[in-house]
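my_file-v4.csv follows; it contains CSV, C-alpha atoms.
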```csv
chain,number,residue,atom,x,y,z
A,1,MET,CA,-42.5,-25.4,-6.1
A,2,LEU,CA,-42.5,-23.1,-9.1
A,3,GLU,CA,-41.7,-20.1,-6.9
A,4,ALA,CA,-38.7,-21.9,-5.4
A,5,LEU,CA,-37.6,-22.9,-8.9
A,6,THR,CA,-37.8,-19.3,-10.1
A,7,TYR,CA,-35.8,-18.2,-7.1
A,8,ILE,CA,-33.1,-20.7,-7.7
A,9,LEU,CA,-33.0,-19.9,-11.4
A,10,ILE,CA,-32.6,-16.1,-10.7
A,11,ILE,CA,-30.0,-16.8,-8.1
A,12,ALA,CA,-28.1,-19.1,-10.5
A,13,ILE,CA,-28.1,-16.3,-13.2
A,14,LEU,CA,-26.8,-13.8,-10.6
A,15,GLY,CA,-24.1,-16.3,-9.6
A,16,LEU,CA,-23.0,-16.7,-13.2
A,17,ASN,CA,-22.9,-12.9,-13.6
A,18,ALA,CA,-20.8,-12.6,-10.5
A,19,LEU,CA,-18.5,-15.4,-11.8
A,20,VAL,CA,-18.0,-13.7,-15.1
A,21,SER,CA,-17.3,-10.3,-13.5
A,22,ILE,CA,-14.8,-11.7,-11.0
A,23,TYR,CA,-13.0,-13.5,-13.9
A,24,GLY,CA,-12.9,-10.1,-15.7
A,25,ILE,CA,-11.6,-8.3,-12.8
A,26,ILE,CA,-8.8,-10.8,-12.3
A,27,TYR,CA,-7.8,-11.6,-15.9
A,28,GLY,CA,-8.8,-8.5,-17.8
A,29,ARG,CA,-5.6,-6.9,-19.1
A,30,SER,CA,-7.0,-3.5,-19.7
A,31,LEU,CA,-7.8,-1.3,-16.7
A,32,VAL,CA,-11.0,-0.2,-18.5
A,33,LYS,CA,-12.1,-3.8,-18.8
A,34,LYS,CA,-11.4,-4.3,-15.1
A,35,LEU,CA,-13.6,-1.3,-14.3
A,36,ILE,CA,-16.4,-2.6,-16.5
A,37,SER,CA,-16.3,-6.0,-14.8
A,38,LEU,CA,-16.4,-4.2,-11.4
A,39,THR,CA,-19.5,-2.3,-12.4
A,40,ILE,CA,-21.1,-5.6,-13.5
A,41,LEU,CA,-20.2,-7.2,-10.1
A,42,SER,CA,-21.7,-4.3,-8.1
A,43,ASP,CA,-24.9,-4.3,-10.2
A,44,THR,CA,-25.2,-8.0,-9.6
A,45,VAL,CA,-24.9,-7.5,-5.9
A,46,LEU,CA,-27.5,-4.7,-6.0
A,47,VAL,CA,-29.9,-6.9,-8.0
A,48,ALA,CA,-29.4,-9.6,-5.3
A,49,VAL,CA,-30.3,-7.2,-2.6
A,50,ILE,CA,-33.4,-6.0,-4.4
A,51,PHE,CA,-34.3,-9.6,-5.0
A,52,ALA,CA,-34.1,-10.3,-1.2
A,53,GLY,CA,-36.8,-7.7,-0.7
A,54,PHE,CA,-39.0,-9.3,-3.3
A,55,TYR,CA,-42.1,-10.8,-1.7
A,56,TYR,CA,-44.0,-13.5,-3.5
A,57,ALA,CA,-47.6,-12.5,-3.1
A,58,TYR,CA,-49.7,-12.2,-6.3
A,59,PRO,CA,-50.4,-9.4,-7.4
A,60,ILE,CA,-47.3,-7.6,-6.2
A,61,VAL,CA,-47.4,-3.8,-6.1
A,62,PRO,CA,-44.9,-1.0,-5.6
A,63,PRO,CA,-44.6,0.4,-2.1
A,64,VAL,CA,-46.4,3.6,-2.9
A,65,TYR,CA,-49.9,4.7,-1.7
A,66,GLN,CA,-52.2,5.8,-4.5
A,67,ASP,CA,-53.8,8.6,-2.4
A,68,LEU,CA,-53.0,10.7,0.6
A,69,ALA,CA,-55.7,9.1,2.8
A,70,GLY,CA,-53.9,5.8,2.7
A,71,THR,CA,-56.8,3.7,1.3
A,72,GLY,CA,-56.1,0.1,0.6
A,73,ARG,CA,-53.6,0.0,3.5
A,74,GLU,CA,-54.2,-3.6,4.3
A,75,PHE,CA,-53.9,-4.7,0.7
A,76,LEU,CA,-50.7,-2.7,0.2
A,77,VAL,CA,-49.1,-3.9,3.4
A,78,LYS,CA,-49.8,-7.5,2.3
A,79,HIS,CA,-48.8,-7.2,-1.4
A,80,ALA,CA,-46.1,-4.4,-1.6
A,81,SER,CA,-42.4,-5.3,-2.1
A,82,ASP,CA,-40.1,-4.5,0.8
A,83,PRO,CA,-39.1,-0.8,0.5
A,84,LEU,CA,-36.0,-1.1,2.7
A,85,PRO,CA,-33.7,-3.0,0.2
A,86,GLN,CA,-34.8,-0.5,-2.5
A,87,ALA,CA,-33.7,2.4,-0.3
A,88,LEU,CA,-30.4,0.7,0.5
A,89,VAL,CA,-29.8,-0.1,-3.1
A,90,LEU,CA,-30.4,3.6,-4.0
A,91,THR,CA,-27.6,4.5,-1.5
A,92,GLY,CA,-25.5,1.7,-2.9
A,93,ILE,CA,-25.9,3.0,-6.5
A,94,VAL,CA,-24.8,6.5,-5.5
A,95,ILE,CA,-21.7,5.3,-3.6
A,96,GLY,CA,-20.9,2.8,-6.4
A,97,LEU,CA,-21.1,5.6,-8.9
A,98,ALA,CA,-18.8,7.8,-6.9
A,99,VAL,CA,-16.3,5.0,-6.5
A,100,ASN,CA,-16.5,4.2,-10.3
A,101,ALA,CA,-16.1,7.8,-11.2
A,102,LEU,CA,-13.0,8.1,-9.0
A,103,ILE,CA,-11.5,4.9,-10.5
A,104,ALA,CA,-12.2,6.3,-14.0
A,105,PHE,CA,-10.4,9.5,-13.2
A,106,GLY,CA,-7.5,7.4,-11.9
A,107,ILE,CA,-7.4,5.3,-15.1
A,108,ILE,CA,-7.4,8.4,-17.3
A,109,GLN,CA,-4.5,9.8,-15.3
A,110,ALA,CA,-2.7,6.5,-15.6
A,111,TYR,CA,-3.3,6.6,-19.4
A,112,ARG,CA,-2.0,10.1,-19.7
A,113,LEU,CA,1.2,9.2,-17.9
A,114,ALA,CA,1.8,5.7,-19.4
A,115,LYS,CA,0.0,6.1,-22.8
A,116,THR,CA,-1.6,2.7,-22.2
A,117,THR,CA,-4.3,1.1,-20.0
A,118,ASP,CA,-2.7,-2.3,-19.9
A,119,ALA,CA,-2.3,-2.9,-16.2
A,120,ARG,CA,1.2,-4.5,-16.4
A,121,LYS,CA,2.6,-1.9,-18.7
A,122,VAL,CA,1.1,0.9,-16.6
A,123,VAL,CA,3.0,-0.6,-13.6
A,124,GLU,CA,6.2,-1.1,-15.6
A,125,THR,CA,6.1,2.5,-16.9
A,126,LEU,CA,5.2,4.2,-13.7
A,127,SER,CA,7.5,2.2,-11.4
A,128,GLY,CA,10.3,1.2,-13.7
A,129,VAL,CA,10.2,-2.3,-12.4
A,130,GLU,CA,9.6,-5.1,-14.9
A,131,VAL,CA,6.5,-7.2,-14.1
A,132,THR,CA,7.2,-10.9,-14.4
A,133,GLU,CA,4.4,-13.4,-14.9
B,1,MET,CA,2.9,-23.4,-13.7
B,2,ARG,CA,0.9,-20.3,-14.7
B,3,ARG,CA,-1.7,-22.5,-16.5
B,4,ILE,CA,-2.1,-24.6,-13.3
B,5,THR,CA,-2.5,-21.5,-11.1
B,6,GLU,CA,-5.2,-20.0,-13.5
B,7,LEU,CA,-7.0,-23.3,-13.5
B,8,ALA,CA,-6.9,-23.6,-9.7
B,9,VAL,CA,-8.2,-20.0,-9.3
B,10,ILE,CA,-11.1,-20.5,-11.8
B,11,LEU,CA,-12.0,-23.9,-10.2
B,12,SER,CA,-12.0,-22.4,-6.7
B,13,LEU,CA,-14.1,-19.5,-8.0
B,14,VAL,CA,-16.7,-21.9,-9.5
B,15,LEU,CA,-16.8,-24.0,-6.3
B,16,GLY,CA,-17.0,-20.9,-4.1
B,17,VAL,CA,-19.9,-19.4,-6.1
B,18,SER,CA,-21.7,-22.8,-6.0
B,19,VAL,CA,-21.4,-22.9,-2.2
B,20,LEU,CA,-22.7,-19.3,-2.1
B,21,LEU,CA,-25.6,-20.3,-4.4
B,22,VAL,CA,-26.6,-23.2,-2.1
B,23,LEU,CA,-26.4,-20.9,0.9
B,24,ALA,CA,-28.2,-18.1,-0.8
B,25,ALA,CA,-31.0,-20.2,-2.0
B,26,SER,CA,-31.9,-21.1,1.5
B,27,ILE,CA,-31.3,-17.6,2.9
B,28,LEU,CA,-32.6,-15.4,0.1
B,29,LEU,CA,-36.1,-16.8,0.2
B,30,PRO,CA,-37.6,-14.0,2.2
B,31,GLY,CA,-39.2,-15.5,5.3
B,32,ILE,CA,-42.1,-14.1,7.3
B,33,GLU,CA,-39.7,-12.7,10.0
B,34,VAL,CA,-38.0,-10.5,7.4
B,35,ARG,CA,-41.4,-9.2,6.3
B,36,GLN,CA,-42.1,-7.7,9.8
B,37,LEU,CA,-39.7,-4.8,9.0
B,38,ALA,CA,-41.4,-4.0,5.8
B,39,PHE,CA,-44.8,-4.1,7.6
B,40,PHE,CA,-43.6,-1.3,9.9
B,41,TYR,CA,-42.4,1.0,7.0
B,42,LEU,CA,-45.4,0.3,4.8
B,43,TYR,CA,-47.8,0.7,7.7
B,44,THR,CA,-46.5,4.0,9.1
B,45,THR,CA,-45.2,5.9,6.0
B,46,ILE,CA,-48.5,7.8,5.7
B,47,ASN,CA,-50.8,7.1,8.6
B,48,PRO,CA,-52.9,9.7,10.4
B,49,TRP,CA,-53.4,7.3,13.4
B,50,PHE,CA,-49.7,6.9,14.1
B,51,GLN,CA,-48.6,10.5,14.4
B,52,ASN,CA,-45.5,9.6,16.4
B,53,TYR,CA,-44.1,7.3,13.6
B,54,THR,CA,-45.5,8.7,10.3
B,55,VAL,CA,-43.5,10.6,7.8
B,56,ASN,CA,-46.6,11.8,5.9
B,57,SER,CA,-45.2,10.6,2.6
B,58,PRO,CA,-47.1,8.1,0.4
B,59,GLU,CA,-43.8,6.9,-1.1
B,60,ALA,CA,-42.1,4.5,1.4
B,61,VAL,CA,-38.7,4.4,-0.3
B,62,THR,CA,-38.2,8.2,-0.2
B,63,ALA,CA,-39.5,8.2,3.4
B,64,ILE,CA,-36.8,5.6,4.3
B,65,VAL,CA,-34.1,7.4,2.3
B,66,TRP,CA,-34.5,10.8,3.8
B,67,ASP,CA,-36.3,10.2,7.1
B,68,TYR,CA,-36.0,6.8,8.7
B,69,ARG,CA,-32.4,6.4,7.5
B,70,GLY,CA,-31.6,10.0,6.7
B,71,LEU,CA,-28.1,10.0,8.1
B,72,ASP,CA,-27.1,7.2,5.7
B,73,THR,CA,-28.1,9.4,2.8
B,74,LEU,CA,-26.3,12.5,4.2
B,75,PHE,CA,-23.0,10.5,4.3
B,76,GLU,CA,-23.7,8.9,0.9
B,77,THR,CA,-24.0,12.4,-0.6
B,78,SER,CA,-20.8,13.4,1.2
B,79,VAL,CA,-19.0,10.3,-0.3
B,80,PHE,CA,-20.1,11.4,-3.8
B,81,TYR,CA,-18.9,14.9,-3.1
B,82,LEU,CA,-15.5,13.7,-1.8
B,83,ALA,CA,-15.1,11.4,-4.9
B,84,LEU,CA,-15.7,14.4,-7.2
B,85,ILE,CA,-13.2,16.5,-5.2
B,86,ALA,CA,-10.7,13.7,-5.5
B,87,GLY,CA,-11.4,13.5,-9.2
B,88,LEU,CA,-10.8,17.2,-9.7
B,89,ALA,CA,-7.6,16.8,-7.8
B,90,LEU,CA,-6.5,13.9,-10.0
B,91,ALA,CA,-7.5,15.8,-13.2
B,92,ARG,CA,-5.9,19.2,-12.2
B,93,GLY,CA,-3.4,19.0,-15.0
B,94,LEU,CA,-6.2,19.0,-17.5
B,95,PHE,CA,-7.4,22.5,-17.0
B,96,SER,CA,-4.3,24.0,-18.6
B,97,GLU,CA,-5.5,22.2,-21.7
B,98,THR,CA,-9.0,23.6,-21.6
B,99,PRO,CA,-9.8,24.7,-25.2
B,100,GLN,CA,-9.3,28.4,-25.9
B,101,GLY,CA,-11.3,30.4,-28.4
B,102,SER,CA,-14.9,31.3,-28.8
B,103,PHE,CA,-17.8,29.2,-29.9
B,104,ASN,CA,-18.7,29.4,-33.6
B,105,GLU,CA,-22.1,28.1,-34.7
B,106,LYS,CA,-20.8,27.3,-38.2
B,107,THR,CA,-17.7,25.4,-37.5
B,108,HIS,CA,-18.3,23.6,-34.2
B,109,GLY,CA,-20.5,20.7,-33.4
B,110,LEU,CA,-22.8,18.5,-35.4
B,111,THR,CA,-25.3,19.4,-38.1
B,112,THR,CA,-28.2,22.0,-37.9
B,113,ILE,CA,-30.8,19.2,-37.6
B,114,VAL,CA,-29.2,17.7,-34.5
B,115,LYS,CA,-28.6,21.1,-33.0
B,116,THR,CA,-32.3,22.1,-33.5
B,117,VAL,CA,-33.6,18.9,-32.1
B,118,THR,CA,-31.3,19.3,-29.0
B,119,ARG,CA,-32.6,22.8,-28.5
B,120,VAL,CA,-36.2,21.7,-28.6
B,121,THR,CA,-35.7,18.6,-26.3
B,122,ALA,CA,-33.5,20.3,-23.7
B,123,PRO,CA,-36.3,22.1,-21.8
B,124,MET,CA,-38.4,19.0,-21.9
B,125,ILE,CA,-35.6,16.9,-20.3
B,126,ILE,CA,-35.2,19.5,-17.6
B,127,ALA,CA,-38.9,19.5,-17.0
B,128,VAL,CA,-39.0,15.7,-16.7
B,129,GLY,CA,-36.0,15.7,-14.4
B,130,ALA,CA,-37.5,18.4,-12.1
B,131,SER,CA,-40.8,16.6,-12.1
B,132,ILE,CA,-39.1,13.3,-11.0
B,133,GLY,CA,-37.1,15.1,-8.4
B,134,LEU,CA,-39.7,17.4,-6.8
B,135,HIS,CA,-42.4,14.7,-6.8
B,136,GLY,CA,-40.1,12.3,-5.1
B,137,HIS,CA,-42.2,12.2,-1.9
B,138,LEU,CA,-45.4,11.3,-3.9
B,139,THR,CA,-44.3,9.0,-6.8
B,140,PRO,CA,-41.3,6.8,-7.4
B,141,GLY,CA,-38.2,8.9,-8.0
B,142,GLY,CA,-36.4,11.5,-5.9
B,143,GLY,CA,-33.5,13.9,-5.8
B,144,PHE,CA,-30.9,11.6,-7.2
B,145,GLN,CA,-32.9,10.3,-10.1
B,146,GLY,CA,-34.1,13.8,-11.0
B,147,GLY,CA,-30.6,15.2,-10.9
B,148,ALA,CA,-29.3,12.4,-13.0
B,149,THR,CA,-31.9,13.1,-15.6
B,150,ILE,CA,-31.1,16.8,-15.7
B,151,ALA,CA,-27.4,16.0,-16.0
B,152,VAL,CA,-28.1,14.5,-19.4
B,153,ILE,CA,-28.4,18.0,-20.8
B,154,PRO,CA,-24.8,19.1,-20.4
B,155,LEU,CA,-23.6,15.7,-21.7
B,156,VAL,CA,-25.8,16.1,-24.8
B,157,PHE,CA,-24.7,19.7,-25.3
B,158,ILE,CA,-21.0,18.8,-25.0
B,159,VAL,CA,-21.5,16.1,-27.7
B,160,VAL,CA,-23.8,18.1,-30.1
B,161,TYR,CA,-22.4,21.6,-29.7
B,162,SER,CA,-18.9,21.5,-28.1
B,163,THR,CA,-17.2,22.2,-24.8
B,164,LEU,CA,-16.6,25.7,-26.0
B,165,PHE,CA,-20.4,26.3,-26.1
B,166,LEU,CA,-20.8,25.2,-22.5
B,167,ILE,CA,-17.8,27.5,-21.5
B,168,ALA,CA,-19.3,30.4,-23.4
B,169,ARG,CA,-22.6,29.8,-21.6
B,170,GLY,CA,-20.8,29.9,-18.2
B,171,VAL,CA,-21.1,26.2,-17.4
B,172,THR,CA,-17.6,25.5,-16.1
B,173,SER,CA,-16.5,22.9,-13.6
B,174,ASN,CA,-15.7,25.6,-11.0
B,175,LYS,CA,-19.2,27.1,-11.2
B,176,MET,CA,-20.7,23.6,-11.1
B,177,LEU,CA,-18.6,22.9,-8.0
B,178,VAL,CA,-20.1,26.0,-6.3
B,179,LEU,CA,-23.6,24.9,-7.3
B,180,ARG,CA,-22.8,21.4,-5.9
B,181,SER,CA,-21.6,22.9,-2.6
B,182,ILE,CA,-24.8,25.0,-2.4
B,183,GLY,CA,-26.8,21.8,-2.8
B,184,LEU,CA,-24.8,20.1,0.0
B,185,LEU,CA,-25.1,23.1,2.3
B,186,GLY,CA,-28.8,23.1,1.7
B,187,ILE,CA,-29.0,19.4,2.6
B,188,GLY,CA,-27.0,20.2,5.8
B,189,PHE,CA,-29.3,23.1,6.8
B,190,THR,CA,-32.5,21.1,6.0
B,191,SER,CA,-31.2,18.3,8.3
B,192,ILE,CA,-30.9,20.8,11.2
B,193,ALA,CA,-33.9,22.9,10.3
B,194,ALA,CA,-36.2,21.5,13.1
B,195,PHE,CA,-33.3,21.8,15.5
B,196,LEU,CA,-32.8,25.5,14.6
B,197,ILE,CA,-36.5,26.2,15.0
B,198,GLY,CA,-36.4,24.5,18.3
B,199,LEU,CA,-33.5,26.7,19.4
B,200,ALA,CA,-35.3,29.8,18.3
B,201,ILE,CA,-38.5,29.1,20.2
B,202,GLY,CA,-36.8,27.4,23.2
B,203,ARG,CA,-38.2,23.9,22.7
B,204,PHE,CA,-36.4,20.6,22.5
B,205,ALA,CA,-35.8,19.1,19.0
B,206,TYR,CA,-33.7,16.5,17.4
B,207,VAL,CA,-31.2,16.8,14.5
B,208,PHE,CA,-32.7,15.2,11.4
B,209,GLN,CA,-36.2,15.6,12.8
B,210,ASN,CA,-39.0,15.7,10.3
B,211,MET,CA,-42.5,15.3,11.9
B,212,PRO,CA,-43.2,16.2,15.6
B,213,LYS,CA,-42.3,13.3,18.0
B,214,PRO,CA,-43.2,12.7,21.6
B,215,GLY,CA,-41.0,14.9,23.8
B,216,ALA,CA,-40.0,17.0,20.7
B,217,VAL,CA,-43.0,18.8,19.4
B,218,VAL,CA,-41.1,20.9,17.0
B,219,GLY,CA,-41.5,19.6,13.4
B,220,LEU,CA,-41.9,20.8,9.9
B,221,PRO,CA,-45.4,21.0,8.4
B,222,ALA,CA,-46.6,18.1,6.3
B,223,ASP,CA,-48.3,20.3,3.8
B,224,ILE,CA,-48.4,24.0,2.7
B,225,ASN,CA,-51.9,25.1,1.9
B,226,GLY,CA,-53.0,21.5,1.2
B,227,ALA,CA,-50.0,20.8,-1.1
B,228,LEU,CA,-48.1,17.9,0.5
B,229,ILE,CA,-44.4,18.5,1.0
B,230,SER,CA,-43.8,15.8,3.7
B,231,GLY,CA,-41.8,18.2,6.0
B,232,THR,CA,-38.1,18.0,5.1
B,233,LEU,CA,-38.5,15.5,2.3
B,234,TRP,CA,-39.3,18.1,-0.4
B,235,PHE,CA,-36.4,20.3,0.5
B,236,PHE,CA,-34.0,17.3,0.7
B,237,ASN,CA,-35.1,16.3,-2.8
B,238,LEU,CA,-34.7,19.8,-4.2
B,239,PHE,CA,-31.2,20.3,-2.8
B,240,GLU,CA,-30.1,16.7,-3.7
B,241,MET,CA,-31.3,17.3,-7.3
B,242,ILE,CA,-29.2,20.5,-7.6
B,243,ALA,CA,-26.2,18.7,-6.0
B,244,VAL,CA,-26.4,15.6,-8.2
B,245,ALA,CA,-27.0,17.5,-11.4
B,246,ALA,CA,-24.0,19.8,-10.8
B,247,GLY,CA,-21.9,16.8,-9.7
B,248,PHE,CA,-22.6,14.8,-12.8
B,249,THR,CA,-21.9,17.8,-14.9
B,250,ILE,CA,-18.4,18.1,-13.3
B,251,ALA,CA,-17.8,14.4,-14.0
B,252,PHE,CA,-18.9,14.7,-17.6
B,253,ILE,CA,-16.8,17.8,-18.2
B,254,ILE,CA,-13.7,16.2,-16.7
B,255,LEU,CA,-14.1,12.9,-18.5
B,256,LEU,CA,-14.9,14.4,-21.9
B,257,LEU,CA,-12.0,16.9,-21.6
B,258,ALA,CA,-9.7,14.1,-20.7
B,259,GLY,CA,-11.0,11.8,-23.5
B,260,ARG,CA,-9.8,14.3,-26.1
B,261,GLY,CA,-6.2,14.2,-24.8
B,262,GLY,CA,-4.5,17.5,-25.5
B,263,SER,CA,-6.4,18.2,-28.8
B,264,GLY,CA,-8.9,20.6,-27.2
B,265,GLY,CA,-12.3,19.1,-26.7
B,266,ARG,CA,-13.9,20.1,-30.0
```
Take the structure in the file and give it back as structure tokens.
Amino acid sequence: MLEALTYILIIAILGLNALVSIYGIIYGRSLVKKLISLTILSDTVLVAVIFAGFYYAYPIVPPVYQDLAGTGREFLVKHASDPLPQALVLTGIVIGLAVNALIAFGIIQAYRLAKTTDARKVVETLSGVEVTE
Amino acid sequence: MRRITELAVILSLVLGVSVLLVLAASILLPGIEVRQLAFFYLYTTINPWFQNYTVNSPEAVTAIVWDYRGLDTLFETSVFYLALIAGLALARGLFSETPQGSFNEKTHGLTTIVKTVTRVTAPMIIAVGASIGLHGHLTPGGGFQGGATIAVIPLVFIVVYSTLFLIARGVTSNKMLVLRSIGLLGIGFTSIAAFLIGLAIGRFAYVFQNMPKPGAVVGLPADINGALISGTLWFFNLFEMIAVAAGFTIAFIILLLAGRGGSGGR
């Protein structure tokens, strides 16, 4: 019962995080704030994936053998957290970083051309079309 | 009208996330059938009795990243590389604004205290990063984490000394791009190392093969003189560390040059 409650609490916190970051992506005026919200959203998703690999068996141990002979194999197999989500999250972090770096370069370029990071003003300056509400 | 639209959007977001939460709470609780996959990886990552499946690495995450799902990681590294190339293309106008002149210890950078502390800690940070990267097949860590740790050094040096100091020491974005390409080429060659050995001795071998498999007896050695290298994992970690450290350095140089506008990165 307590485990289920812990799960639901963590999921609720992750959902709140996702909500705040989606709100920031949609309503943030500055492109930089939109980027920050996007990183929060991607980190939330990554935490959720790590959490899916979490296995409730006390005591929980990392998926690493302590020696090369593989002693304690049965204990580790029963108690270690799932290594697959961790590996996928590692991949996800690198790709997220690449995408964020690319977006940051784009924002810098937009700032250099338009002298502002306000999304509407950037569009107005670069396209010459006035943005209406 | 705008108020009502905003309210509708926020309300639908809240409702959508609530539905997701309810669904997630029933799905995210890991069941026993999900655990079977973890059993396989945990059981075979270092196991002398399953020679056809084992990677000979005590660290299951690195084994998955570079052996079980190695192709994913190759393309992930390529995505990072392409993003940096695109960043360089976007920032091409910046390099005409690269600060000119030579580095002067007296006028550039922060105070002597900060500079001395940076000089003392820099080799330590590099040692820690190399340790994280090259022990990736033994302990938590790996090429990406080690490279990211090493990349702290150029960032600290840009802030504490100046961009001119890095340029005077030969750390330019072009040279880092060459280093990054060397790292990626090394990863590519490591992935076909067993295949090339197989071609040379006339035996069948797979691309991305690490340990000998049934039908493809060519494989890389698990250890050299008793020091475990887990076949290709050590080389993958080494080249990934070089590639990531150089890639981060490029990103920092571009971002910090751009952050100074046209004033010259002092």
With 8 Å as the limit and counting only C-alpha atoms, what residues in chain B lie close to chain A? Please list them as a compact mmCIF listing (two decimals) with C-alpha atoms, keeping the file's coordinate frame.
```
# COMPACT_ATOMS: atom_id res chain seq x y z
CA ARG B 2 0.90 -20.30 -14.70
CA ILE B 10 -11.10 -20.50 -11.80
CA LEU B 13 -14.10 -19.50 -8.00
CA VAL B 14 -16.70 -21.90 -9.50
CA VAL B 17 -19.90 -19.40 -6.10
CA SER B 18 -21.70 -22.80 -6.00
CA LEU B 21 -25.60 -20.30 -4.40
CA ALA B 24 -28.20 -18.10 -0.80
CA ALA B 25 -31.00 -20.20 -2.00
CA LEU B 28 -32.60 -15.40 0.10
CA LEU B 29 -36.10 -16.80 0.20
CA PRO B 30 -37.60 -14.00 2.20
CA ARG B 35 -41.40 -9.20 6.30
CA ALA B 38 -41.40 -4.00 5.80
CA PHE B 39 -44.80 -4.10 7.60
CA TYR B 41 -42.40 1.00 7.00
CA LEU B 42 -45.40 0.30 4.80
CA TYR B 43 -47.80 0.70 7.70
CA ILE B 46 -48.50 7.80 5.70
CA ASN B 47 -50.80 7.10 8.60
CA PRO B 58 -47.10 8.10 0.40
CA GLU B 59 -43.80 6.90 -1.10
CA ALA B 60 -42.10 4.50 1.40
CA VAL B 61 -38.70 4.40 -0.30
CA THR B 62 -38.20 8.20 -0.20
CA ILE B 64 -36.80 5.60 4.30
CA VAL B 65 -34.10 7.40 2.30
CA ASP B 72 -27.10 7.20 5.70
CA THR B 73 -28.10 9.40 2.80
CA GLU B 76 -23.70 8.90 0.90
CA THR B 77 -24.00 12.40 -0.60
CA VAL B 79 -19.00 10.30 -0.30
CA PHE B 80 -20.10 11.40 -3.80
CA ALA B 83 -15.10 11.40 -4.90
CA LEU B 84 -15.70 14.40 -7.20
CA ALA B 86 -10.70 13.70 -5.50
CA GLY B 87 -11.40 13.50 -9.20
CA LEU B 90 -6.50 13.90 -10.00
CA ALA B 91 -7.50 15.80 -13.20
CA LEU B 138 -45.40 11.30 -3.90
CA THR B 139 -44.30 9.00 -6.80
CA PRO B 140 -41.30 6.80 -7.40
CA ALA B 251 -17.80 14.40 -14.00
CA LEU B 255 -14.10 12.90 -18.50
CA ALA B 258 -9.70 14.10 -20.70
CA GLY B 259 -11.00 11.80 -23.50
CA GLY B 261 -6.20 14.20 -24.80
```
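The space separating atom CA of Ile32 of chain B from atom CA of Val89 of chain A comes to 21.3 Å.
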| How many Å separate atom CA of Val55 of chain B from atom CA of Gly215 of chain B? |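 So the answer is 16.8 Å.
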| task | In Å, rounded to a single decimal, give me how far atom CA of Val22 of chain B is from atom CA of Lys33 of chain A. | result | 29.4 Å
| request: Dig up all the protein and nucleic acid residues within 9 Å of (-18.2, -3.3, -14.5) in the file frame, using all atoms listed in the file, and format them as a PyMOL selection string. | output: chain A and resi 21+24-25+32-43+100
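Here the question is which of B:Phe40, B:Phe103, B:Phe248, B:Phe189 gets nearest to Val152 of chain B using only C-alpha atoms, and that residue is B:Phe248.
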| query | Between B:Asp67, B:Glu6, B:Glu33, B:Glu105, which is the closest to Phe165 of chain B once you count all atoms listed in the file? | reply |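 So, comparing all the options, the nearest one is B:Glu105.
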| message | So that I can see what lies close to segment 241-246 of chain B, please list as a PyMOL selection string the residues with an atom at most 9 Å from it, counting all atoms listed in the file and leaving out residues fewer than 2 positions away in the same chain. | response | chain B and resi 77+80-81+129-130+133-134+142-152+173+175-184+236-239+248-251
Please produce a file of those selected residues containing C-alpha atoms, as an mmCIF file, in the frame of the given file.
```cif
data_model
loop_
_atom_site.group_PDB
_atom_site.id
_atom_site.type_symbol
_atom_site.label_atom_id
_atom_site.label_comp_id
_atom_site.auth_asym_id
_atom_site.auth_seq_id
_atom_site.Cartn_x
_atom_site.Cartn_y
_atom_site.Cartn_z
ATOM 1 C CA THR B 77 -24.000 12.400 -0.600
ATOM 2 C CA PHE B 80 -20.100 11.400 -3.800
ATOM 3 C CA TYR B 81 -18.900 14.900 -3.100
ATOM 4 C CA GLY B 129 -36.000 15.700 -14.400
ATOM 5 C CA ALA B 130 -37.500 18.400 -12.100
ATOM 6 C CA GLY B 133 -37.100 15.100 -8.400
ATOM 7 C CA LEU B 134 -39.700 17.400 -6.800
ATOM 8 C CA GLY B 142 -36.400 11.500 -5.900
ATOM 9 C CA GLY B 143 -33.500 13.900 -5.800
ATOM 10 C CA PHE B 144 -30.900 11.600 -7.200
ATOM 11 C CA GLN B 145 -32.900 10.300 -10.100
ATOM 12 C CA GLY B 146 -34.100 13.800 -11.000
ATOM 13 C CA GLY B 147 -30.600 15.200 -10.900
ATOM 14 C CA ALA B 148 -29.300 12.400 -13.000
ATOM 15 C CA THR B 149 -31.900 13.100 -15.600
ATOM 16 C CA ILE B 150 -31.100 16.800 -15.700
ATOM 17 C CA ALA B 151 -27.400 16.000 -16.000
ATOM 18 C CA VAL B 152 -28.100 14.500 -19.400
ATOM 19 C CA SER B 173 -16.500 22.900 -13.600
ATOM 20 C CA LYS B 175 -19.200 27.100 -11.200
ATOM 21 C CA MET B 176 -20.700 23.600 -11.100
ATOM 22 C CA LEU B 177 -18.600 22.900 -8.000
ATOM 23 C CA VAL B 178 -20.100 26.000 -6.300
ATOM 24 C CA LEU B 179 -23.600 24.900 -7.300
ATOM 25 C CA ARG B 180 -22.800 21.400 -5.900
ATOM 26 C CA SER B 181 -21.600 22.900 -2.600
ATOM 27 C CA ILE B 182 -24.800 25.000 -2.400
ATOM 28 C CA GLY B 183 -26.800 21.800 -2.800
ATOM 29 C CA LEU B 184 -24.800 20.100 0.000
ATOM 30 C CA PHE B 236 -34.000 17.300 0.700
ATOM 31 C CA ASN B 237 -35.100 16.300 -2.800
ATOM 32 C CA LEU B 238 -34.700 19.800 -4.200
ATOM 33 C CA PHE B 239 -31.200 20.300 -2.800
ATOM 34 C CA PHE B 248 -22.600 14.800 -12.800
ATOM 35 C CA THR B 249 -21.900 17.800 -14.900
ATOM 36 C CA ILE B 250 -18.400 18.100 -13.300
ATOM 37 C CA ALA B 251 -17.800 14.400 -14.000
#
```
| message | For Arg169 of chain B, find every residue with an atom within 12 Å (counting all atoms listed in the file), except residues of its own chain fewer than 2 positions away, and show them as JSON, numbers by chain. | response | {"B": [102, 103, 154, 157, 158, 161, 162, 163, 164, 165, 166, 167, 171, 172, 175]}
